[in-house]
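Coordinates from work16.txt are shown below (compact mmCIF, C-alpha atoms).
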```txt
# COMPACT_ATOMS: atom_id res chain seq x y z
CA MET A 1 67.22 40.60 45.07
CA LYS A 2 67.97 42.95 47.90
CA PRO A 3 67.64 46.70 48.00
CA PRO A 4 70.97 48.54 47.72
CA PRO A 5 72.39 49.74 51.07
CA PHE A 6 70.55 52.64 52.68
CA GLU A 7 70.26 54.39 56.00
CA TYR A 8 66.92 53.52 57.58
CA VAL A 9 65.18 56.38 59.39
CA ALA A 10 62.04 55.50 61.33
CA ALA A 11 60.17 58.79 61.67
CA SER A 12 57.73 59.07 64.55
CA SER A 13 55.84 62.16 63.39
CA ALA A 14 55.42 64.26 60.26
CA ALA A 15 57.73 66.89 61.78
CA ASP A 16 60.33 64.19 62.38
CA ALA A 17 60.01 63.02 58.76
CA VAL A 18 60.38 66.50 57.22
CA GLU A 19 63.44 67.10 59.40
CA ALA A 20 64.98 63.88 58.05
CA LEU A 21 64.12 64.95 54.49
CA ARG A 22 65.78 68.31 55.06
CA ARG A 23 68.87 66.60 56.39
CA HIS A 24 69.23 64.15 53.51
CA GLY A 25 67.96 66.36 50.68
CA ASP A 26 67.86 64.69 47.28
CA ASP A 27 69.35 61.49 48.67
CA ALA A 28 66.28 60.48 50.68
CA LYS A 29 63.05 58.77 49.67
CA VAL A 30 59.89 58.56 51.73
CA LEU A 31 58.79 55.00 52.47
CA ALA A 32 55.03 54.78 53.00
CA GLY A 33 53.29 51.70 51.53
CA GLY A 34 56.41 50.80 49.58
CA GLN A 35 54.48 49.02 46.83
CA SER A 36 56.27 50.99 44.10
CA LEU A 37 59.41 52.03 45.95
CA ILE A 38 60.50 48.59 47.16
CA PRO A 39 60.30 47.04 43.67
CA MET A 40 62.35 49.99 42.38
CA LEU A 41 64.93 49.31 45.09
CA ALA A 42 64.92 45.58 44.39
CA LEU A 43 65.47 46.21 40.69
CA ARG A 44 68.09 48.86 41.57
CA LEU A 45 66.15 51.49 39.64
CA ALA A 46 66.39 53.67 42.76
CA ARG A 47 69.38 53.99 45.08
CA PRO A 48 68.46 56.47 47.79
CA ALA A 49 71.04 56.97 50.54
CA ALA A 50 68.26 57.10 53.13
CA LEU A 51 64.74 55.77 53.47
CA VAL A 52 62.49 57.83 55.69
CA ASP A 53 59.85 55.38 56.90
CA ILE A 54 56.69 57.32 57.84
CA ASN A 55 54.68 54.26 58.92
CA GLY A 56 55.20 55.14 62.58
CA CYS A 57 53.88 58.69 62.19
CA GLY A 58 50.60 58.57 64.10
CA ASP A 59 49.72 62.10 62.94
CA LEU A 60 49.59 60.92 59.31
CA GLU A 61 46.81 58.35 59.92
CA GLY A 62 43.15 58.78 59.13
CA MET A 63 40.74 60.36 56.70
CA ALA A 64 37.78 62.66 57.12
CA GLU A 65 35.04 64.21 55.00
CA SER A 66 33.96 67.73 55.65
CA ARG A 67 31.63 69.82 53.47
CA GLY A 68 32.12 67.64 50.43
CA VAL A 69 35.91 67.51 50.66
CA LEU A 70 37.55 64.21 51.56
CA THR A 71 40.96 64.54 53.19
CA VAL A 72 43.07 61.38 53.06
CA ASN A 73 46.22 61.43 55.18
CA ALA A 74 49.49 59.91 54.09
CA LEU A 75 49.15 56.57 55.87
CA VAL A 76 45.67 55.66 54.63
CA ARG A 77 45.93 52.44 52.66
CA GLN A 78 44.18 52.15 49.31
CA ARG A 79 42.07 49.32 50.69
CA ALA A 80 40.79 51.50 53.54
CA LEU A 81 39.66 54.20 51.11
CA GLU A 82 38.12 51.55 48.84
CA ARG A 83 36.01 50.22 51.73
CA TRP A 84 35.02 53.72 52.87
CA ALA A 85 34.19 54.84 49.34
CA ARG A 86 31.82 51.98 48.42
CA GLU A 87 28.87 53.82 49.94
CA ARG A 88 30.01 57.43 49.78
CA ALA A 89 32.19 57.85 46.69
CA PRO A 90 31.51 54.98 44.28
CA LEU A 91 33.74 56.46 41.55
CA LEU A 92 36.75 56.21 43.89
CA ALA A 93 35.74 52.72 44.98
CA GLU A 94 35.45 51.49 41.40
CA ALA A 95 38.77 53.05 40.38
CA LEU A 96 40.53 51.52 43.40
CA ARG A 97 39.28 48.06 42.46
CA TRP A 98 41.51 48.39 39.39
CA VAL A 99 44.62 49.36 41.37
CA ALA A 100 46.77 46.20 41.41
CA HIS A 101 45.41 43.53 43.78
CA PRO A 102 44.09 43.39 47.36
CA PRO A 103 47.47 42.37 48.89
CA ILE A 104 49.03 45.43 47.22
CA ARG A 105 46.16 47.73 48.19
CA ASN A 106 46.40 46.57 51.80
CA ARG A 107 49.84 48.20 51.98
CA GLY A 108 49.85 50.79 49.20
CA THR A 109 48.78 54.25 50.28
CA VAL A 110 46.47 56.67 48.49
CA VAL A 111 48.90 59.56 48.87
CA GLY A 112 51.80 57.39 47.73
CA SER A 113 50.05 56.46 44.50
CA VAL A 114 49.02 60.07 43.85
CA VAL A 115 52.57 61.40 44.19
CA HIS A 116 54.33 58.41 42.61
CA ALA A 117 52.75 59.85 39.44
CA ASP A 118 52.75 56.78 37.28
CA PRO A 119 50.96 58.03 34.16
CA ALA A 120 49.15 54.70 33.72
CA SER A 121 47.77 54.56 37.26
CA GLU A 122 44.25 55.38 38.32
CA LEU A 123 44.46 57.70 41.34
CA PRO A 124 46.34 60.58 39.68
CA ALA A 125 43.58 60.83 37.04
CA LEU A 126 40.97 60.68 39.79
CA LEU A 127 42.73 63.51 41.61
CA LEU A 128 42.34 65.61 38.45
CA CYS A 129 38.67 64.70 37.97
CA LEU A 130 37.80 65.37 41.62
CA ASP A 131 39.49 68.80 41.72
CA GLY A 132 42.01 67.39 44.11
CA GLU A 133 45.06 68.82 45.80
CA VAL A 134 48.10 67.65 47.70
CA VAL A 135 49.21 69.09 51.03
CA ALA A 136 53.01 69.36 51.06
CA ARG A 137 54.98 70.07 54.21
CA ARG A 138 58.58 71.03 54.62
CA ARG A 139 60.41 72.35 57.66
CA GLY A 140 58.85 75.71 58.53
CA GLY A 141 55.88 75.62 56.23
CA GLU A 142 53.13 73.96 54.31
CA ARG A 143 51.68 74.57 50.85
CA VAL A 144 48.82 73.17 48.83
CA ILE A 145 49.42 71.99 45.26
CA SER A 146 46.36 71.65 43.06
CA ALA A 147 46.13 68.54 40.87
CA ASP A 148 46.59 70.55 37.68
CA GLN A 149 49.91 71.91 39.03
CA LEU A 150 51.17 68.58 40.35
CA TYR A 151 52.03 66.36 37.40
CA VAL A 152 55.13 67.29 35.44
CA ALA A 153 56.30 64.13 33.67
CA PRO A 154 56.24 60.35 34.22
CA LEU A 155 57.02 59.66 37.91
CA THR A 156 57.72 63.38 38.38
CA THR A 157 55.68 65.90 40.34
CA SER A 158 56.17 69.49 41.41
CA LEU A 159 56.89 68.33 44.99
CA GLU A 160 60.37 69.39 46.16
CA SER A 161 62.75 66.78 47.52
CA ASP A 162 62.50 68.15 51.06
CA GLU A 163 58.70 68.17 50.97
CA LEU A 164 56.51 65.47 52.45
CA ALA A 165 53.04 64.92 50.96
CA THR A 166 51.06 64.72 54.19
CA ALA A 167 47.58 64.42 52.66
CA VAL A 168 45.51 64.56 49.51
CA ARG A 169 42.08 66.13 49.22
CA PHE A 170 39.34 65.07 46.83
CA THR A 171 36.28 67.24 46.19
CA LEU A 172 33.45 64.72 46.06
CA PRO A 173 31.08 65.11 43.08
CA PRO A 174 28.06 67.38 43.64
CA ALA A 175 24.80 65.82 44.83
CA GLY A 176 23.02 63.99 42.03
CA ALA A 177 26.13 63.76 39.86
CA GLY A 178 26.70 60.62 37.82
CA TRP A 179 30.05 58.97 37.22
CA GLY A 180 31.73 56.54 34.89
CA PHE A 181 35.03 54.68 34.98
CA ALA A 182 36.62 52.23 32.57
CA GLU A 183 40.04 50.97 31.68
CA VAL A 184 41.63 48.44 29.37
CA THR A 185 44.39 46.20 30.71
CA ARG A 186 45.94 42.94 29.59
CA ARG A 187 45.00 41.35 32.93
CA HIS A 188 43.03 42.66 35.89
CA GLY A 189 45.40 44.61 38.13
CA ASP A 190 47.94 45.46 35.45
CA PHE A 191 48.72 49.05 34.64
CA ALA A 192 46.16 50.47 32.25
CA LEU A 193 46.84 50.58 28.54
CA VAL A 194 44.23 53.35 28.59
CA GLY A 195 41.75 54.44 31.24
CA CYS A 196 39.05 57.06 31.50
CA ALA A 197 36.88 58.60 34.21
CA ALA A 198 33.99 61.03 34.03
CA VAL A 199 31.66 62.96 36.33
CA LEU A 200 28.52 64.70 35.04
CA ALA A 201 25.78 66.71 36.77
CA LEU A 202 22.67 68.23 35.22
CA ASP A 203 20.76 71.36 36.20
CA GLY A 204 16.97 71.52 36.56
CA ALA A 205 16.52 72.06 32.83
CA GLY A 206 18.60 69.01 31.92
CA ALA A 207 21.68 70.93 30.80
CA VAL A 208 25.15 69.84 31.91
CA SER A 209 26.16 71.93 34.94
CA HIS A 210 29.31 70.03 35.95
CA ALA A 211 31.58 67.97 33.73
CA ARG A 212 34.88 66.23 34.38
CA LEU A 213 36.59 63.97 31.89
CA GLY A 214 40.03 62.50 32.59
CA PHE A 215 42.33 60.01 30.91
CA PHE A 216 45.34 57.98 32.05
CA GLY A 217 47.78 55.82 30.15
CA VAL A 218 47.69 58.29 27.25
CA GLY A 219 50.96 60.15 27.79
CA GLY A 220 53.51 61.25 30.34
CA THR A 221 50.96 62.57 32.82
CA PRO A 222 47.27 62.02 33.47
CA VAL A 223 45.13 64.32 31.33
CA ARG A 224 41.98 66.25 32.10
CA SER A 225 40.15 67.08 28.91
CA GLY A 226 39.21 70.76 28.96
CA LEU A 227 37.93 70.52 25.38
CA GLY A 228 35.74 67.52 26.12
CA GLU A 229 34.29 69.22 29.19
CA ALA A 230 33.70 72.51 27.34
CA ALA A 231 31.75 70.66 24.65
CA LEU A 232 29.32 69.48 27.35
CA LEU A 233 28.92 72.38 29.76
CA GLY A 234 25.63 74.24 29.43
CA GLN A 235 24.41 71.82 26.73
CA LYS A 236 21.61 69.27 26.75
CA ALA A 237 23.26 65.90 27.31
CA THR A 238 22.05 64.07 24.24
CA ALA A 239 23.88 61.10 22.73
CA ALA A 240 24.95 63.34 19.85
CA ARG A 241 26.35 65.91 22.28
CA LEU A 242 28.31 63.22 24.13
CA GLY A 243 29.67 62.12 20.77
CA GLU A 244 30.85 65.67 20.06
CA ALA A 245 32.60 65.81 23.42
CA VAL A 246 34.28 62.46 22.80
CA LYS A 247 35.49 63.65 19.41
CA ALA A 248 36.87 66.89 20.87
CA ALA A 249 38.57 65.07 23.74
CA ALA A 250 40.10 62.30 21.62
CA ALA A 251 41.41 64.71 19.00
CA ALA A 252 43.52 66.47 21.64
CA LEU A 253 45.17 63.28 22.95
CA ARG A 254 48.67 62.34 21.82
CA PRO A 255 49.25 58.96 23.44
CA ASP A 256 52.66 57.36 23.29
CA GLY A 257 53.10 54.05 21.57
CA ASP A 258 55.16 51.32 23.19
CA LEU A 259 55.51 47.55 23.02
CA HIS A 260 52.16 47.12 24.77
CA ALA A 261 50.07 49.23 22.41
CA THR A 262 50.54 51.61 19.51
CA SER A 263 49.62 55.27 19.74
CA GLU A 264 46.77 54.72 17.25
CA TYR A 265 45.35 51.86 19.29
CA ARG A 266 45.46 53.91 22.48
CA SER A 267 43.71 56.85 20.75
CA SER A 268 41.00 54.59 19.46
CA VAL A 269 40.48 52.90 22.83
CA ALA A 270 40.48 56.27 24.61
CA ALA A 271 37.62 57.49 22.41
CA THR A 272 35.64 54.28 22.97
CA LEU A 273 36.15 54.42 26.73
CA ALA A 274 35.26 58.12 26.86
CA GLU A 275 31.95 57.41 25.17
CA ARG A 276 31.24 54.56 27.59
CA VAL A 277 32.09 56.48 30.76
CA LEU A 278 30.16 59.59 29.69
CA THR A 279 27.13 57.44 28.84
CA ALA A 280 27.42 55.66 32.20
CA ALA A 281 27.78 58.99 34.01
CA LEU A 282 24.69 60.37 32.28
CA GLU A 283 22.67 57.28 33.18
CA ARG A 284 23.66 57.66 36.82
CA CYS A 285 22.77 61.37 36.98
CA GLY A 286 20.08 62.04 39.56
CA LYS A 287 20.41 58.60 41.13
CA THR A 288 21.91 58.40 44.58
CA ALA A 289 24.55 55.80 43.65
CA MET B 1 72.70 48.24 59.50
CA LYS B 2 70.64 46.11 61.88
CA ARG B 3 67.65 46.90 64.00
CA ALA B 4 66.06 45.01 66.86
CA ILE B 5 62.51 43.89 66.14
CA ARG B 6 59.90 41.77 67.85
CA VAL B 7 57.42 40.05 65.59
CA THR B 8 54.78 37.42 66.22
CA VAL B 9 54.79 34.79 63.50
CA ASN B 10 52.13 32.07 63.53
CA GLY B 11 51.46 32.84 67.17
CA VAL B 12 55.11 32.64 68.29
CA SER B 13 56.92 35.80 69.37
CA HIS B 14 60.43 36.27 67.96
CA ALA B 15 62.98 38.91 68.96
CA ARG B 16 65.69 39.34 66.32
CA ASP B 17 68.18 41.81 64.97
CA ALA B 18 67.00 42.26 61.41
CA ASP B 19 69.11 43.68 58.61
CA VAL B 20 67.24 46.80 57.46
CA ARG B 21 67.74 45.66 53.85
CA SER B 22 65.98 42.36 54.51
CA THR B 23 62.50 41.99 53.09
CA LEU B 24 59.90 40.30 55.27
CA ALA B 25 60.00 37.36 52.84
CA ASP B 26 63.75 36.85 53.30
CA PHE B 27 63.40 37.34 57.04
CA VAL B 28 60.79 34.60 57.57
CA ARG B 29 62.68 32.22 55.28
CA GLU B 30 66.25 32.84 56.38
CA ASP B 31 66.03 34.13 59.95
CA LEU B 32 63.03 32.08 61.08
CA ASP B 33 63.52 29.05 58.77
CA LEU B 34 59.91 29.22 57.63
CA THR B 35 60.54 28.29 54.01
CA GLY B 36 56.90 27.68 53.13
CA THR B 37 56.69 31.31 52.03
CA HIS B 38 58.01 31.16 48.47
CA VAL B 39 59.88 33.90 46.72
CA GLY B 40 59.22 34.24 43.01
CA CYS B 41 59.60 37.58 41.27
CA GLU B 42 60.73 39.62 44.32
CA HIS B 43 58.99 42.73 43.04
CA GLY B 44 55.37 42.21 43.90
CA VAL B 45 54.03 40.75 40.68
CA CYS B 46 53.78 36.98 41.19
CA GLY B 47 52.10 36.73 44.60
CA ALA B 48 54.05 33.64 45.72
CA CYS B 49 55.28 35.32 48.93
CA THR B 50 51.85 36.48 50.16
CA VAL B 51 51.46 36.34 53.96
CA LEU B 52 48.93 37.79 56.39
CA LEU B 53 49.90 40.97 58.24
CA ASP B 54 47.54 41.40 61.18
CA GLY B 55 45.12 39.19 59.26
CA GLU B 56 45.31 40.98 55.91
CA PRO B 57 47.16 39.58 52.88
CA VAL B 58 50.30 41.46 51.84
CA ARG B 59 53.32 40.76 49.66
CA ALA B 60 56.18 39.78 51.98
CA CYS B 61 58.69 40.83 49.31
CA LEU B 62 57.33 44.41 49.33
CA MET B 63 57.84 45.04 53.01
CA LEU B 64 61.03 45.42 54.98
CA ALA B 65 61.36 43.04 57.91
CA VAL B 66 61.92 46.01 60.23
CA GLN B 67 58.48 47.30 59.24
CA ALA B 68 56.92 44.18 60.77
CA ASP B 69 58.12 45.22 64.24
CA GLY B 70 55.27 44.76 66.69
CA ARG B 71 52.99 43.14 64.11
CA ALA B 72 51.48 39.66 63.77
CA ILE B 73 52.34 37.62 60.68
CA THR B 74 50.70 34.42 59.48
CA THR B 75 52.59 32.37 56.92
CA ILE B 76 51.40 29.23 55.14
CA GLU B 77 52.83 27.22 58.07
CA GLY B 78 50.31 28.94 60.35
CA ILE B 79 47.22 28.54 58.16
CA ALA B 80 46.31 25.00 59.15
CA PRO B 81 44.78 24.37 62.57
CA GLY B 82 47.04 21.94 64.47
CA ASP B 83 48.16 18.90 62.51
CA GLY B 84 45.36 18.82 59.96
CA LEU B 85 44.80 20.84 56.83
CA HIS B 86 42.80 24.04 56.41
CA PRO B 87 39.64 23.56 54.28
CA VAL B 88 41.32 25.59 51.52
CA GLN B 89 44.31 23.21 51.59
CA GLU B 90 41.95 20.21 51.59
CA ALA B 91 40.15 21.63 48.56
CA PHE B 92 43.39 22.21 46.63
CA TRP B 93 44.30 18.59 47.31
CA ALA B 94 40.88 17.25 46.35
CA LYS B 95 40.53 19.38 43.21
CA HIS B 96 44.14 19.12 41.97
CA GLY B 97 44.59 22.85 42.48
CA LEU B 98 48.37 22.58 42.25
CA GLN B 99 51.06 20.96 40.17
CA CYS B 100 54.60 22.09 41.01
CA GLY B 101 53.33 23.88 44.11
CA TYR B 102 55.56 26.92 43.91
CA CYS B 103 52.75 29.48 43.76
CA THR B 104 50.46 27.50 46.08
CA PRO B 105 51.40 28.92 49.52
CA GLY B 106 50.73 32.48 48.37
CA ILE B 107 47.46 31.56 46.71
CA ILE B 108 46.22 29.63 49.75
CA VAL B 109 47.08 32.47 52.13
CA SER B 110 45.35 34.97 49.81
CA ALA B 111 42.36 32.66 49.37
CA CYS B 112 41.88 32.29 53.14
CA ALA B 113 41.62 36.06 53.53
CA PHE B 114 39.48 36.37 50.40
CA LEU B 115 36.97 33.77 51.62
CA GLU B 116 36.54 35.58 54.92
CA GLU B 117 35.44 38.66 52.99
CA HIS B 118 33.58 36.73 50.26
CA PRO B 119 32.11 33.60 51.87
CA ALA B 120 30.11 32.76 48.71
CA PRO B 121 32.23 34.07 45.84
CA THR B 122 31.30 33.90 42.17
CA HIS B 123 33.81 32.39 39.77
CA GLU B 124 34.36 35.89 38.43
CA GLU B 125 35.30 37.19 41.90
CA ILE B 126 37.64 34.23 42.38
CA ARG B 127 39.32 35.01 39.07
CA GLU B 128 39.72 38.68 39.98
CA MET B 129 41.42 37.65 43.22
CA LEU B 130 43.60 35.13 41.36
CA ALA B 131 44.76 37.85 38.96
CA GLY B 132 47.19 38.78 41.73
CA HIS B 133 48.86 35.35 41.59
CA LEU B 134 50.85 33.79 38.80
CA CYS B 135 50.69 30.05 38.25
CA ARG B 136 52.64 28.67 35.30
CA CYS B 137 51.43 25.07 35.56
CA THR B 138 47.72 24.69 36.07
CA GLY B 139 46.00 27.12 33.74
CA TYR B 140 44.03 28.21 36.83
CA HIS B 141 40.83 26.22 36.18
CA PHE B 142 41.42 23.74 39.00
CA ILE B 143 42.51 26.53 41.32
CA VAL B 144 39.20 28.33 40.74
CA GLU B 145 37.37 25.07 41.41
CA ALA B 146 39.40 24.43 44.55
CA ILE B 147 38.57 27.86 45.99
CA ALA B 148 34.88 27.47 45.09
CA GLU B 149 34.93 24.05 46.76
CA ALA B 150 36.59 25.49 49.86
CA ALA B 151 33.89 28.16 50.04
CA ARG B 152 31.19 25.49 49.97
CA THR B 153 32.93 23.41 52.63
CA MET B 154 33.51 26.39 54.89
CA ALA B 155 29.85 27.42 54.52
CA GLY B 156 28.94 23.96 55.82
CA GLY B 157 27.57 22.75 52.49
CA GLY B 158 29.91 19.78 52.25
CA LYS B 159 31.48 18.55 49.04
CA ALA B 160 29.89 19.24 45.69
```

Please rewrite the model in this file as structure tokens.
Amino acid sequence: MKPPPFEYVAASSAADAVEALRRHGDDAKVLAGGQSLIPMLALRLARPAALVDINGCGDLEGMAESRGVLTVNALVRQRALERWARERAPLLAEALRWVAHPPIRNRGTVVGSVVHADPASELPALLLCLDGEVVARRRGGERVISADQLYVAPLTTSLESDELATAVRFTLPPAGAGWGFAEVTRRHGDFALVGCAAVLALDGAGAVSHARLGFFGVGGTPVRSGLGEAALLGQKATAARLGEAVKAAAAALRPDGDLHATSEYRSSVAATLAERVLTAALERCGKTA
Amino acid sequence: MKRAIRVTVNGVSHARDADVRSTLADFVREDLDLTGTHVGCEHGVCGACTVLLDGEPVRACLMLAVQADGRAITTIEGIAPGDGLHPVQEAFWAKHGLQCGYCTPGIIVSACAFLEEHPAPTHEEIREMLAGHLCRCTGYHFIVEAIAEAARTMAGGGKA
């Protein structure tokens, strides 16, 4: 299998890449890690007239943390973030372990996965749970899209075709916050049938001061559960209270059924995973890891 | 559309005009005649085409050859030192870690990189790594044993 014919544009800087995107409009695709795009080309599911390869853009390398916000530029491979995150952001590290396999993560980029917007993939849900945003550049300007404004439909974001996602930003959980992450797959590295992530922090009196609960694999986009979070905020985090939050969150989900799993099965698994990740997050509250 | 590239494969530098549509897997097989890299699914699922890119395992079917310009590639042909076999290859032989052999080059290349990062892996870690490789013959048990055996040999512990 070979990709269909395309014009290959090797961009040498972000400015170079956005200029190429402007020139080709809807007919161009950005090639970063290529771990989703190249299979789509091989299977002829995508037929862009031009591929704008950003791998030579030195100004899109690197990541940095500043005041609790982690900025990951467009050429940072998933494996690089996974290694960085083991000590400093264990929720991200754990989620990345579930993203395909090391040979894929060595090439696949963090930004690429975030904007590819596969509803069953891990990083888009993490972007929601970590109050993330995407930096989008086009010729003559830059804008910031918050995670809750990014995901429109499966494989569809609010990025315009002449915009290049140059970076994503994650707000790391507050000090003392606990986290949980779980997913169900047929085999390790497959897309999730259902996945769930949570972050919880408690105030001095033991009430929930920060709550994030997100799901993936439950519909056309990743979902952050406002109802589940609202059931926790300001409340004592007892097992019964977590159960209430799980019930509220699960009742709002409308997962699709497909040949891998029925809608009912996904709903049931989502509730089970939510209970597990919230319990894990609570247990980790106040501990450094 | 062709593009001039220079790529070091198994220590040998090659200058070629690569078709921009060529994957790295097709390039090493067809342009460089290194047919040890096997091509299975051609969309990143089976792991048969795994090679090392600057020492790290990647799917050769998910990279364009032109993207390897200026990089160093190691294929299965470059894993063994000289004429002998690499300890991972020895262990696959000793433990019957292959039957038809189609998936084997990719698994061995992956395993070499894996063992550098995990010199004393648990069976669970080996299985997680193997999840990225499809083998339709063995049922995986002997592959797990072969990689565990290779880890012991490479750690200097000899044969179990």

Interface list for chain B, partner chain A, 6 Å threshold, all atoms listed in the file, as a ChimeraX atom specification: /B:21,43,57-58,62,131-132

Listed atoms of range 88-102 of chain B boxed axis-aligned with 5 Å per side, centre + edges as lines of an AutoDock Vina configuration file:
```
center_x = 47.9
center_y = 22.1
center_z = 45.9
size_x = 25.4
size_y = 19.7
size_z = 21.4
```

Just give me the gap between CA of Ala211 in chain A and CA of Pro174 in chain A in Å, one decimal is fine.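 Distance between the two atoms: 10.5 Å.
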
Out of A:Ala245, A:Leu60, A:Ala80, A:Leu31, which residue has the shortest atom-to-atom distance to Glu56 in chain B when counting only C-alpha atoms?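 Looking at the shortest contact to Glu56 in chain B, the residue is A:Ala80.
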
Contacts of Ala65 in chain B within 9 Å, all atoms listed in the file, excl. fewer than 3 positions in-chain, as a ChimeraX atom specification: /B:5,18-28,60,68-69

Between CA of Val52 in chain A and CA of Val30 in chain A - distance in Å to one decimal: 4.8 Å

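For the atom pair formed by CA of Gln235 in chain A and CA of Ala270 in chain A, the distance is 22.5 Å, given to one decimal.
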
At a cut-off of 12 Å, using all atoms listed in the file, what residues contact Val18 in chain A? Leave out same-chain residues fewer than 6 positions from it and give the result as a list of chain:residue names. A:Val9, A:Ala10, A:Ala11, A:Ser12, A:His24, A:Gly25, A:Ala28, A:Lys29, A:Val30, A:Val52, A:Asp53, A:Ile54, A:Cys57, A:Ala136, A:Arg137, A:Arg138, A:Arg139, A:Gly140, A:Gly141, A:Glu142, A:Glu160, A:Ser161, A:Asp162, A:Glu163, A:Leu164, A:Ala165, A:Thr166

Name the residues in contact with Cys137 in chain B at a cut-off of 8 Å, using only C-alpha atoms, excluding same-chain residues fewer than 4 positions from it; report them as a PDB file with C-alpha atoms, in the frame of the given file.
```pdb
ATOM      1  CA  LEU B  98      48.370  22.580  42.250  1.00  0.00           C
ATOM      2  CA  GLN B  99      51.060  20.960  40.170  1.00  0.00           C
ATOM      3  CA  CYS B 100      54.600  22.090  41.010  1.00  0.00           C
TER       4      CYS B 100
END
```

Nearby residues (only C-alpha atoms) at most 8 Å from Val114 in chain A, same-chain spacing under 4 positions excluded, as a VMD selection string: chain A and resid 110 123 to 124 127

Can I get the selected residues back with C-alpha atoms, as a compact mmCIF listing (two decimals), in the coordinates of the input?
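Below is the file that was written, again_25.txt:
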```txt
# COMPACT_ATOMS: atom_id res chain seq x y z
CA VAL A 110 46.47 56.67 48.49
CA LEU A 123 44.46 57.70 41.34
CA PRO A 124 46.34 60.58 39.68
CA LEU A 127 42.73 63.51 41.61
```

Spatial neighbours of Ala125 in chain A, 7 Å, all atoms listed in the file, chain gap at least 4 places, as JSON, numbers by chain: {"A": [129, 214, 215, 216, 222, 223]}

Determine the nearest neighbour of Val7 in chain B from the options B:Ala72, B:Val45, B:Cys61, B:Ala80, counting all atoms listed in the file. B:Ala72
